[in-house]
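Novice: Structure: coords-v6.cif, mmCIF, C-alpha atoms and all ligand atoms.
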```cif
data_entry
#
loop_
_atom_site.label_atom_id
_atom_site.label_comp_id
_atom_site.auth_asym_id
_atom_site.auth_seq_id
_atom_site.Cartn_x
_atom_site.Cartn_y
_atom_site.Cartn_z
CA MET A 1 29.19 -17.53 -11.36
CA LYS A 2 27.78 -14.18 -12.45
CA LYS A 3 27.07 -11.96 -9.45
CA THR A 4 23.68 -10.18 -9.40
CA LYS A 5 24.01 -6.40 -9.56
CA ASN A 6 22.88 -4.64 -6.41
CA PHE A 7 19.48 -3.35 -7.50
CA ARG A 8 19.57 -0.62 -4.86
CA ASP A 9 22.66 0.80 -6.65
CA VAL A 10 20.96 0.36 -10.02
CA ILE A 11 17.97 2.40 -8.82
CA ALA A 12 20.21 5.03 -7.23
CA LYS A 13 22.01 5.58 -10.55
CA SER A 14 18.91 5.36 -12.73
CA PRO A 15 17.28 8.61 -13.94
CA CYS A 16 13.84 6.98 -13.56
CA VAL A 17 11.53 8.11 -10.76
CA PHE A 18 9.11 5.29 -9.98
CA VAL A 19 5.75 6.35 -8.60
CA ILE A 20 3.62 3.97 -6.53
CA GLY A 21 0.04 5.09 -5.83
CA VAL A 22 -1.55 3.56 -2.74
CA ALA A 23 -5.25 4.29 -2.38
CA GLY A 24 -7.59 3.54 0.47
CA ASP A 25 -9.65 5.12 3.19
CA SER A 26 -8.13 6.78 6.23
CA GLY A 27 -6.51 4.15 8.47
CA SER A 28 -7.11 1.34 5.97
CA GLY A 29 -3.56 -0.07 6.18
CA LYS A 30 -1.84 1.84 3.34
CA THR A 31 1.34 2.51 5.34
CA THR A 32 1.34 -1.02 6.76
CA PHE A 33 1.22 -2.72 3.37
CA THR A 34 3.93 -0.61 1.74
CA SER A 35 6.33 -0.81 4.69
CA ALA A 36 8.33 -3.66 3.11
CA VAL A 37 9.17 -1.52 0.06
CA ARG A 38 10.37 1.27 2.34
CA GLU A 39 12.44 -1.16 4.41
CA ILE A 40 14.03 -2.94 1.45
CA PHE A 41 15.15 0.18 -0.42
CA GLY A 42 15.69 2.47 2.54
CA GLU A 43 14.97 6.13 3.11
CA ASN A 44 17.69 7.33 0.74
CA LEU A 45 15.71 5.93 -2.16
CA VAL A 46 12.09 6.05 -1.02
CA SER A 47 9.96 8.97 0.06
CA THR A 48 6.27 9.05 0.88
CA ILE A 49 3.75 11.80 0.24
CA THR A 50 0.47 11.76 2.13
CA LEU A 51 -2.25 13.13 -0.07
CA ASP A 52 -4.07 14.77 2.84
CA ASP A 53 -1.61 17.59 2.09
CA TYR A 54 -3.55 18.24 -1.12
CA HIS A 55 -6.82 19.06 0.60
CA THR A 56 -8.23 22.39 -0.58
CA LEU A 57 -10.53 22.95 2.39
CA ASP A 58 -9.46 22.94 6.01
CA ARG A 59 -11.49 21.20 8.73
CA GLU A 60 -13.57 24.28 9.50
CA GLU A 61 -14.36 24.96 5.83
CA ARG A 62 -15.39 21.35 5.25
CA LYS A 63 -17.72 21.58 8.21
CA GLU A 64 -19.28 24.85 7.01
CA ARG A 65 -19.89 23.43 3.53
CA ASN A 66 -20.88 19.99 4.80
CA VAL A 67 -18.24 18.33 2.63
CA THR A 68 -16.21 15.24 3.56
CA PRO A 69 -12.44 15.00 2.92
CA LEU A 70 -13.27 12.31 0.35
CA SER A 71 -15.14 14.65 -1.96
CA PRO A 72 -13.20 15.92 -5.02
CA GLU A 73 -14.33 19.40 -3.98
CA ALA A 74 -12.09 19.12 -0.90
CA ASN A 75 -8.98 18.09 -2.85
CA ASN A 76 -6.71 19.74 -5.39
CA PHE A 77 -6.21 17.01 -8.01
CA GLU A 78 -4.77 19.48 -10.52
CA LEU A 79 -1.99 20.63 -8.17
CA LEU A 80 -1.28 17.00 -7.31
CA ARG A 81 -1.00 16.11 -11.01
CA GLU A 82 1.33 19.03 -11.63
CA HIS A 83 3.52 18.07 -8.66
CA VAL A 84 3.71 14.35 -9.52
CA SER A 85 4.60 15.23 -13.07
CA MET A 86 7.42 17.53 -11.86
CA LEU A 87 8.72 14.91 -9.39
CA LYS A 88 8.80 12.31 -12.16
CA ARG A 89 10.99 14.67 -14.13
CA GLY A 90 13.30 14.98 -11.12
CA LEU A 91 12.18 18.52 -10.24
CA PRO A 92 11.61 19.78 -6.68
CA ILE A 93 8.22 21.07 -5.56
CA GLN A 94 6.83 23.24 -2.77
CA LYS A 95 4.59 20.69 -1.13
CA PRO A 96 1.52 21.87 0.79
CA VAL A 97 1.14 20.62 4.36
CA TYR A 98 -2.14 19.73 6.07
CA ASN A 99 -1.81 19.74 9.83
CA HIS A 100 -3.95 17.01 11.42
CA LYS A 101 -3.42 18.45 14.89
CA ASN A 102 -5.31 21.67 14.21
CA GLY A 103 -7.08 20.84 10.93
CA ARG A 104 -5.46 23.76 9.10
CA PHE A 105 -2.67 24.23 6.56
CA ASP A 106 0.94 24.89 7.54
CA PRO A 107 3.20 26.77 5.10
CA PRO A 108 4.37 24.64 2.14
CA VAL A 109 7.74 22.86 2.44
CA PRO A 110 10.40 22.16 -0.20
CA PHE A 111 10.27 18.54 -1.34
CA SER A 112 12.80 16.90 -3.66
CA PRO A 113 12.07 13.65 -5.47
CA LYS A 114 13.74 10.40 -4.52
CA LYS A 115 13.91 7.47 -6.93
CA ILE A 116 10.83 5.78 -5.53
CA ILE A 117 7.88 7.91 -4.48
CA ILE A 118 4.96 6.40 -2.63
CA LEU A 119 1.77 8.47 -2.88
CA GLU A 120 -0.59 7.40 -0.12
CA GLY A 121 -4.07 8.71 0.26
CA LEU A 122 -7.70 8.81 -0.70
CA HIS A 123 -7.33 9.59 -4.42
CA PRO A 124 -3.80 8.96 -5.77
CA PHE A 125 -5.14 7.67 -9.10
CA ALA A 126 -8.70 8.93 -9.15
CA THR A 127 -8.34 10.76 -12.48
CA GLU A 128 -7.08 9.66 -15.89
CA GLU A 129 -4.29 12.26 -15.72
CA LEU A 130 -3.07 10.94 -12.37
CA ARG A 131 -3.25 7.34 -13.57
CA SER A 132 -1.02 8.14 -16.52
CA LEU A 133 1.72 9.17 -14.05
CA MET A 134 1.61 6.02 -11.90
CA ASP A 135 4.01 3.11 -12.36
CA PHE A 136 2.26 0.82 -9.90
CA THR A 137 -1.10 1.15 -8.17
CA VAL A 138 -2.37 -0.52 -5.02
CA PHE A 139 -5.80 -0.35 -3.38
CA VAL A 140 -6.10 -1.34 0.27
CA ASN A 141 -9.59 -2.50 1.08
CA PRO A 142 -10.38 -3.77 4.58
CA ASP A 143 -13.90 -5.10 5.10
CA LYS A 144 -16.18 -2.58 6.76
CA ASP A 145 -16.12 -4.19 10.21
CA VAL A 146 -12.32 -4.52 10.18
CA LYS A 147 -11.94 -0.89 9.09
CA TYR A 148 -14.34 0.30 11.77
CA ASP A 149 -12.44 -1.67 14.43
CA TRP A 150 -9.09 -0.15 13.45
CA LYS A 151 -10.43 3.36 13.13
CA ILE A 152 -12.16 3.24 16.52
CA ARG A 153 -9.10 1.72 18.19
CA ARG A 154 -6.87 4.43 16.75
CA ASP A 155 -9.08 7.50 16.99
CA VAL A 156 -10.48 6.69 20.43
CA GLY A 157 -7.35 5.06 21.87
CA GLU A 158 -4.64 7.30 20.43
CA ARG A 159 -6.33 10.51 19.35
CA GLY A 160 -8.84 10.99 22.16
CA TYR A 161 -12.06 11.13 20.06
CA LYS A 162 -15.37 9.82 21.46
CA LYS A 163 -16.56 6.51 20.02
CA GLU A 164 -19.96 7.99 18.97
CA ASP A 165 -18.19 10.76 17.06
CA VAL A 166 -15.94 8.29 15.25
CA MET A 167 -18.98 6.17 14.31
CA ALA A 168 -20.86 9.23 13.04
CA GLU A 169 -17.82 10.31 10.99
CA LEU A 170 -17.48 6.81 9.47
CA LYS A 171 -21.15 6.83 8.52
CA ALA A 172 -20.94 10.29 6.99
CA ARG A 173 -17.96 9.26 4.89
CA SER A 174 -19.36 6.00 3.54
CA VAL A 175 -21.34 7.50 0.62
CA ASP A 176 -18.37 9.50 -0.66
CA TYR A 177 -16.11 6.50 -0.13
CA GLU A 178 -18.25 4.46 -2.54
CA LEU A 179 -18.47 7.34 -5.02
CA TYR A 180 -14.95 8.72 -5.10
CA VAL A 181 -12.47 6.34 -3.48
CA LYS A 182 -13.61 2.80 -4.19
CA PRO A 183 -13.83 3.18 -8.02
CA GLN A 184 -10.01 3.26 -8.06
CA ILE A 185 -10.11 -0.51 -7.47
CA GLU A 186 -10.70 -1.01 -11.20
CA TYR A 187 -7.42 0.75 -11.96
CA SER A 188 -5.26 -1.03 -9.39
CA ASP A 189 -2.39 -3.36 -10.21
CA ALA A 190 -2.93 -4.93 -6.80
CA VAL A 191 -5.92 -4.90 -4.48
CA ILE A 192 -5.54 -6.04 -0.88
CA ARG A 193 -8.66 -7.15 0.92
CA ILE A 194 -8.52 -7.68 4.67
CA SER A 195 -11.24 -9.72 6.37
CA ASN A 196 -11.74 -11.20 9.79
CA SER A 197 -9.61 -14.27 10.34
CA ARG A 198 -11.35 -17.60 10.16
CA TYR A 199 -9.30 -18.54 13.22
CA GLY A 200 -11.29 -16.28 15.49
CA LYS A 201 -11.19 -12.90 17.24
CA ARG A 202 -8.82 -14.08 19.92
CA VAL A 203 -5.77 -14.58 17.66
CA GLN A 204 -6.91 -11.63 15.57
CA ASN A 205 -6.80 -9.24 18.50
CA MET A 206 -3.81 -10.79 20.25
CA ARG A 207 -1.51 -11.32 17.28
CA ASN A 208 -2.96 -9.30 14.36
CA VAL A 209 -4.04 -12.38 12.46
CA TYR A 210 -6.36 -11.49 9.55
CA ASN A 211 -7.47 -13.14 6.34
CA VAL A 212 -5.66 -11.17 3.63
CA THR A 213 -6.34 -11.56 -0.09
CA LEU A 214 -4.06 -10.17 -2.76
CA TYR A 215 -5.87 -9.62 -6.09
CA GLN A 216 -3.72 -9.08 -9.13
CA ASN A 217 -3.88 -8.94 -12.91
CA ARG A 218 -1.98 -11.50 -14.84
CA LEU A 219 1.34 -9.92 -15.76
CA ASP A 220 2.02 -9.23 -19.45
CA LYS A 221 5.62 -9.99 -18.77
CA THR A 222 7.75 -11.07 -15.82
CA ILE A 223 11.45 -10.65 -15.44
CA LYS A 224 13.41 -13.83 -15.97
CA ASN A 225 14.19 -16.44 -13.33
CA ILE A 226 11.66 -15.27 -10.79
CA ASN A 227 11.73 -17.77 -8.05
CA LEU A 228 9.05 -17.72 -5.42
CA ASN A 229 9.30 -21.15 -3.96
CA PHE A 230 7.71 -22.02 -0.67
CA ASN A 231 9.24 -24.96 1.08
CA LEU A 232 6.21 -27.13 1.63
CA PHE A 233 8.23 -29.59 3.66
CA SER A 234 9.28 -27.02 6.25
CA ILE A 235 5.91 -25.23 6.20
CA ASN A 236 4.28 -28.50 6.96
CA SER A 237 6.84 -29.92 9.36
CA LEU A 238 7.55 -26.83 11.42
CA ALA A 239 4.05 -25.40 11.64
CA ASP A 240 2.43 -25.47 15.00
CA ARG A 241 -0.26 -22.86 14.24
CA ASN A 242 -3.16 -22.73 11.81
CA PHE A 243 -2.74 -21.26 8.36
CA LEU A 244 -4.40 -21.25 4.98
CA PHE A 245 -3.37 -20.64 1.36
CA GLU A 246 -6.03 -20.39 -1.29
CA PHE A 247 -5.97 -19.27 -4.90
CA HIS A 248 -8.93 -18.57 -7.13
CA ARG A 249 -9.79 -16.56 -10.22
CA THR A 250 -12.44 -13.89 -9.89
CA ASN A 251 -14.18 -11.31 -12.08
CA THR A 252 -14.80 -7.65 -11.36
CA ASP A 253 -16.97 -5.51 -13.64
CA LYS A 254 -14.12 -5.02 -16.06
CA ARG A 255 -11.44 -7.64 -15.50
CA ARG A 256 -10.42 -11.08 -14.44
CA LEU A 257 -8.06 -11.27 -11.50
CA GLY A 258 -6.12 -13.86 -9.56
CA ALA A 259 -6.85 -13.86 -5.82
CA LEU A 260 -4.38 -15.33 -3.36
CA SER A 261 -5.82 -15.57 0.15
CA LEU A 262 -3.69 -16.15 3.20
CA ASP A 263 -4.88 -16.50 6.76
CA GLY A 264 -3.29 -17.51 10.04
CA GLU A 265 0.37 -17.71 10.94
CA PHE A 266 3.28 -19.24 9.07
CA SER A 267 6.56 -20.46 10.45
CA PHE A 268 9.36 -17.92 9.98
CA ASP A 269 11.08 -20.29 7.53
CA VAL A 270 8.46 -19.53 4.88
CA ILE A 271 9.04 -15.81 4.90
CA ARG A 272 12.79 -16.30 5.14
CA SER A 273 12.79 -18.20 1.86
CA LEU A 274 10.85 -15.32 0.26
CA GLU A 275 13.33 -12.82 1.67
CA LYS A 276 16.22 -14.90 0.34
CA ASN A 277 14.66 -14.88 -3.10
CA ILE A 278 14.41 -11.10 -3.01
CA GLU A 279 18.05 -10.89 -1.90
CA LYS A 280 19.13 -13.21 -4.70
CA GLN A 281 17.12 -11.48 -7.38
CA THR A 282 17.98 -7.91 -6.42
CA GLY A 283 21.44 -8.27 -4.89
CA VAL A 284 20.09 -6.22 -1.97
CA THR A 285 21.18 -7.82 1.32
CA PRO A 286 20.21 -8.28 3.98
CA VAL A 287 16.45 -8.31 3.51
CA SER A 288 15.40 -9.33 6.97
CA LEU A 289 12.17 -7.62 7.82
CA TYR A 290 10.89 -10.20 10.21
CA SER A 291 14.05 -11.59 11.78
CA GLY A 292 13.69 -12.80 15.33
CA LYS A 293 10.03 -13.77 14.84
CA GLU A 294 9.00 -17.37 15.17
CA TYR A 295 5.77 -16.84 13.23
CA VAL A 296 4.67 -14.36 10.60
CA THR A 297 1.09 -13.33 9.88
CA ALA A 298 -0.80 -13.30 6.58
CA THR A 299 -0.40 -9.49 6.58
CA GLU A 300 3.38 -9.80 6.76
CA MET A 301 3.44 -12.42 4.02
CA VAL A 302 1.35 -10.16 1.78
CA GLN A 303 3.58 -7.14 2.53
CA LEU A 304 6.49 -9.14 1.17
CA LEU A 305 4.61 -10.62 -1.80
CA LEU A 306 3.41 -7.14 -2.76
CA SER A 307 6.88 -5.64 -2.50
CA TRP A 308 8.16 -8.50 -4.63
CA ARG A 309 5.61 -7.68 -7.31
CA ILE A 310 6.50 -3.97 -7.15
CA ILE A 311 10.22 -4.74 -7.42
CA ASN A 312 9.44 -6.99 -10.37
CA LYS A 313 7.71 -4.05 -12.12
CA ARG A 314 10.59 -1.71 -11.29
CA ILE A 315 13.17 -4.17 -12.67
CA ALA A 316 11.06 -4.60 -15.82
CA ILE A 317 11.08 -0.81 -16.32
CA GLU A 318 14.85 -0.75 -15.88
CA GLU A 319 15.26 -3.58 -18.42
CA GLU A 320 13.00 -1.83 -20.93
CA SER A 321 14.40 1.62 -20.39
CA GLY A 322 17.94 0.73 -21.54
CA ASP A 323 20.09 3.81 -21.30
CA GLY A 324 18.23 6.48 -19.46
CA PHE A 325 14.85 6.34 -21.18
CA CYS A 326 12.15 5.91 -18.54
CA VAL A 327 9.02 4.30 -19.91
N1 LIG B 401 -2.97 -5.61 8.36
C1 LIG B 401 -3.17 -5.07 9.55
N2 LIG B 401 -3.22 -5.81 10.66
C2 LIG B 401 -3.49 -5.27 11.86
N3 LIG B 401 -3.74 -3.96 12.07
C3 LIG B 401 -3.69 -3.16 11.00
C4 LIG B 401 -3.39 -3.65 9.69
N4 LIG B 401 -3.40 -2.61 8.84
C5 LIG B 401 -3.71 -1.54 9.58
N5 LIG B 401 -3.90 -1.86 10.87
C6 LIG B 401 -4.29 -0.98 11.97
O1 LIG B 401 -4.80 0.24 11.42
C7 LIG B 401 -3.95 1.34 11.81
C8 LIG B 401 -3.75 2.23 10.59
O2 LIG B 401 -2.96 1.56 9.65
P1 LIG B 401 -2.06 2.37 8.63
O3 LIG B 401 -1.34 3.47 9.31
O4 LIG B 401 -1.25 1.38 7.85
O5 LIG B 401 -3.22 2.97 7.72
P2 LIG B 401 -3.15 4.18 6.69
O6 LIG B 401 -4.14 3.84 5.65
O7 LIG B 401 -1.74 4.38 6.23
O8 LIG B 401 -3.62 5.37 7.61
P3 LIG B 401 -3.68 6.96 7.30
O9 LIG B 401 -4.87 7.18 6.45
O10 LIG B 401 -3.82 7.58 8.63
O11 LIG B 401 -2.39 7.32 6.62
C9 LIG B 401 -2.65 0.68 12.32
O12 LIG B 401 -2.03 1.46 13.29
C10 LIG B 401 -3.14 -0.62 12.86
O13 LIG B 401 -3.66 -0.44 14.15
O1 LIG B 402 -9.44 11.07 5.32
C1 LIG B 402 -8.53 11.49 5.97
C2 LIG B 402 -7.14 10.98 5.78
O2 LIG B 402 -7.01 10.21 4.64
C3 LIG B 402 -8.75 12.55 6.99
O3 LIG B 402 -10.01 12.41 7.55
C4 LIG B 402 -8.63 13.92 6.34
O4 LIG B 402 -7.30 14.08 5.89
C5 LIG B 402 -9.01 15.03 7.32
O5 LIG B 402 -8.21 14.97 8.45
P1 LIG B 402 -8.71 15.53 9.85
O6 LIG B 402 -9.84 14.63 10.29
O7 LIG B 402 -7.49 15.42 10.74
O8 LIG B 402 -9.16 16.93 9.64
#
```
Kindly return the structure encoded in the file as structure tokens.

Specialist:
Amino acid sequence: MKKTKNFRDVIAKSPCVFVIGVAGDSGSGKTTFTSAVREIFGENLVSTITLDDYHTLDREERKERNVTPLSPEANNFELLREHVSMLKRGLPIQKPVYNHKNGRFDPPVPFSPKKIIILEGLHPFATEELRSLMDFTVFVNPDKDVKYDWKIRRDVGERGYKKEDVMAELKARSVDYELYVKPQIEYSDAVIRISNSRYGKRVQNMRNVYNVTLYQNRLDKTIKNINLNFNLFSINSLADRNFLFEFHRTNTDKRRLGALSLDGEFSFDVIRSLEKNIEKQTGVTPVSLYSGKEYVTATEMVQLLLSWRIINKRIAIEEESGDGFCV
């Protein structure tokens, strides 16, 4: 039987630098939803850039000018474009550094490209020029009340801000969010919406159970032999907790998307069969992100489904690129 090539080795040898843009508001779950990609390929192949480093104004200057970090005025899109373009060509950059502790800029640091670069931030593909450099785009879009809950929990609990100040900041940002961040949804290969779970606040707060919907375009092309089977027998026989799968088609202003909604908790078996498929298809073993868990949440399922879709795109590029030509 023909053995699948180890796709991690294929990527390591490939000249292609694959850029994933992940857009969303501060604390919207960008890092959470791309963690599976980082885990599967490992830190030798994947590096992440946080776009806060490309602010042009420090905290003080933003305050003086009454500008939010979401405004284009507070961000250097041109430098970002230049840097992404260099990284895609395999060239090192001097990356700026925004220091969240003091709200000022530290000296730039040398940054060399790895084969997969994740660009996380407010505006990774806000301009046409940036979009032309992206190989895969994701928008993470928690509902307002979910986003507010997370932000308050983090900024009050971990960063010592007062709740009233966090609320005022969220309110001040909302206009610019609609104007400058949210429009990227129309240019996203995948949009992740996170809503309150229909199973109630108790499981939501205790076990991070949310209703997560993955919106995607139909693919023009998929790689061969993609196998994404769920074992309905074991899902059904082993489940002792509530869960939901739902698929529907939906329209945005410009396109028609498929929306897969998951909610609740699934027995580990379900995610294990997805992991096995990724192992089989990519030759990368072990893929065991959730080992030791009895149940996985909708968020964890979507992390894996999203990484599967991203890997699919990366393999398609490799198949199309032949010898060294990165499309
Ligand atoms: N799907 C989720 N389920 C439960 N909690 C979540 C989820 N996504 C995010 N959170 C909560 O929100 C916090 C921020 O998430 P995360 O770090 O992924 O966001 P981010 O968009 O990468 O943030 P930043 O803008 O600071 O880089 C997490 O620490 C967690 O408390
Ligand atoms: O939107 C943000 C992150 O995406 C931050 O608010 C922005 O980077 C400014 O950071 P700070 O509040 O630490 O000055």

Novice: Could you give me, as a ChimeraX atom specification, every polymer residue with an atom at most 10 Å away from an atom of ligand LIG 401 (chain B), counting all atoms listed in the file?

Specialist: /A:22-35,49-52,100,120-122,140-142,146-155,158,192-195,204-205,207-212,297-300,302-303

Novice: To one decimal place in Å, what is the distance between atom CA of Ser14 of chain A and atom CA of Lys95 of chain A?

Specialist: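 The value is 24.0 Å.
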
Novice: I'd like the interatomic distance between atom CA of Glu294 of chain A and atom CA of Glu39 of chain A, to a tenth of an Å.

Specialist: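 Spanning atom CA of Glu294 of chain A to atom CA of Glu39 of chain A is a straight-line distance of 19.8 Å.
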
Novice: If we count all atoms listed in the file, what is near Leu87 of chain A at a cut-off of 8 Å, once residues fewer than 6 positions away on the same chain are taken out, given as a ChimeraX atom specification?

Specialist: /A:17,93,112-113

Novice: Store the residues picked out above in a file with C-alpha atoms, as an mmCIF file, in the coordinates of the input.

Specialist:
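File written: part_0.cif
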```cif
data_model
loop_
_atom_site.group_PDB
_atom_site.id
_atom_site.type_symbol
_atom_site.label_atom_id
_atom_site.label_comp_id
_atom_site.auth_asym_id
_atom_site.auth_seq_id
_atom_site.Cartn_x
_atom_site.Cartn_y
_atom_site.Cartn_z
ATOM 1 C CA VAL A 17 11.530 8.110 -10.760
ATOM 2 C CA ILE A 93 8.220 21.070 -5.560
ATOM 3 C CA SER A 112 12.800 16.900 -3.660
ATOM 4 C CA PRO A 113 12.070 13.650 -5.470
#
```

Novice: How far is it from atom CA of Ala74 of chain A to atom CA of Arg62 of chain A, in Å with one decimal?

Specialist: 7.3 Å

Novice: In terms of the shortest atom-to-atom distance over all atoms listed in the file, which of A:Pro110, A:Ile117, A:His55, A:Ile185 is closest to Ser85 of chain A?

Specialist: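 Smallest separation from Ser85 of chain A among the options: A:Ile117.
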
Novice: Can you work out which one of A:Leu57, A:Leu257, A:Leu80, A:Val97 has the shortest atom-to-atom distance to Gln216 of chain A, counting only C-alpha atoms?

Specialist: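 The closest residue to Gln216 of chain A is A:Leu257.
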
Novice: Which one is closest to Ser71 of chain A: A:Leu170, A:Val10, A:Leu130, A:Leu179? Count all atoms listed in the file.

Specialist: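 Result for the nearest residue to Ser71 of chain A: A:Leu179.
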
Novice: Taking every listed atom of ligand LIG 402 (chain B) and adding 6 Å to each side, what centre and edge lengths in Å (one decimal) does the axis-aligned box have, as AutoDock Vina command-line options?

Specialist:
```
--center_x -8.5 --center_y 13.6 --center_z 7.7 --size_x 15.0 --size_y 18.7 --size_z 18.1
```

Novice: Compile the contact shell of Ile278 of chain A as a VMD selection string: residues with an atom at most 12 Å away, counting all atoms listed in the file, same-chain residues fewer than 6 positions apart removed.

Specialist: chain A and resid 4 6 to 8 36 to 37 40 to 41 225 to 229 271 to 272 284 to 289 304 to 312 315

Novice: Would you list the contacts of Thr137 of chain A as a PyMOL selection string, taking every protein, DNA or RNA residue within 9 Å and counting all atoms listed in the file, but skipping same-chain residues closer than 5 positions in sequence?

Specialist: chain A and resi 19-23+124-125+131+187-191

Novice: Show me the residues around (-8.0, -13.9, -5.3) - criterion: an atom at most 7 Å away, only C-alpha atoms counted - as a list in words.

Specialist: Thr213, Leu214, Tyr215, Phe247, His248, Arg249, Thr250, Leu257, Gly258, Ala259, Leu260 and Ser261 of chain A

Novice: Return the single residue from A:Tyr161, A:Phe139, A:Phe18, A:Tyr180 that is closest to Ile317 of chain A, with distances computed using all atoms listed in the file.

Specialist: A:Phe18

Novice: Could you tell me which of A:Glu82, A:Arg159, A:Glu318, A:Phe233 comes closest to Pro15 of chain A if we count all atoms listed in the file?

Specialist: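 When distances to Pro15 of chain A are compared using all atoms listed in the file, the smallest one comes from A:Glu318.
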
Novice: Using all atoms listed in the file, can you tell me which of A:Asp106, A:Gly264, A:Glu279, A:Val138 comes closest to Arg202 of chain A?

Specialist: A:Gly264
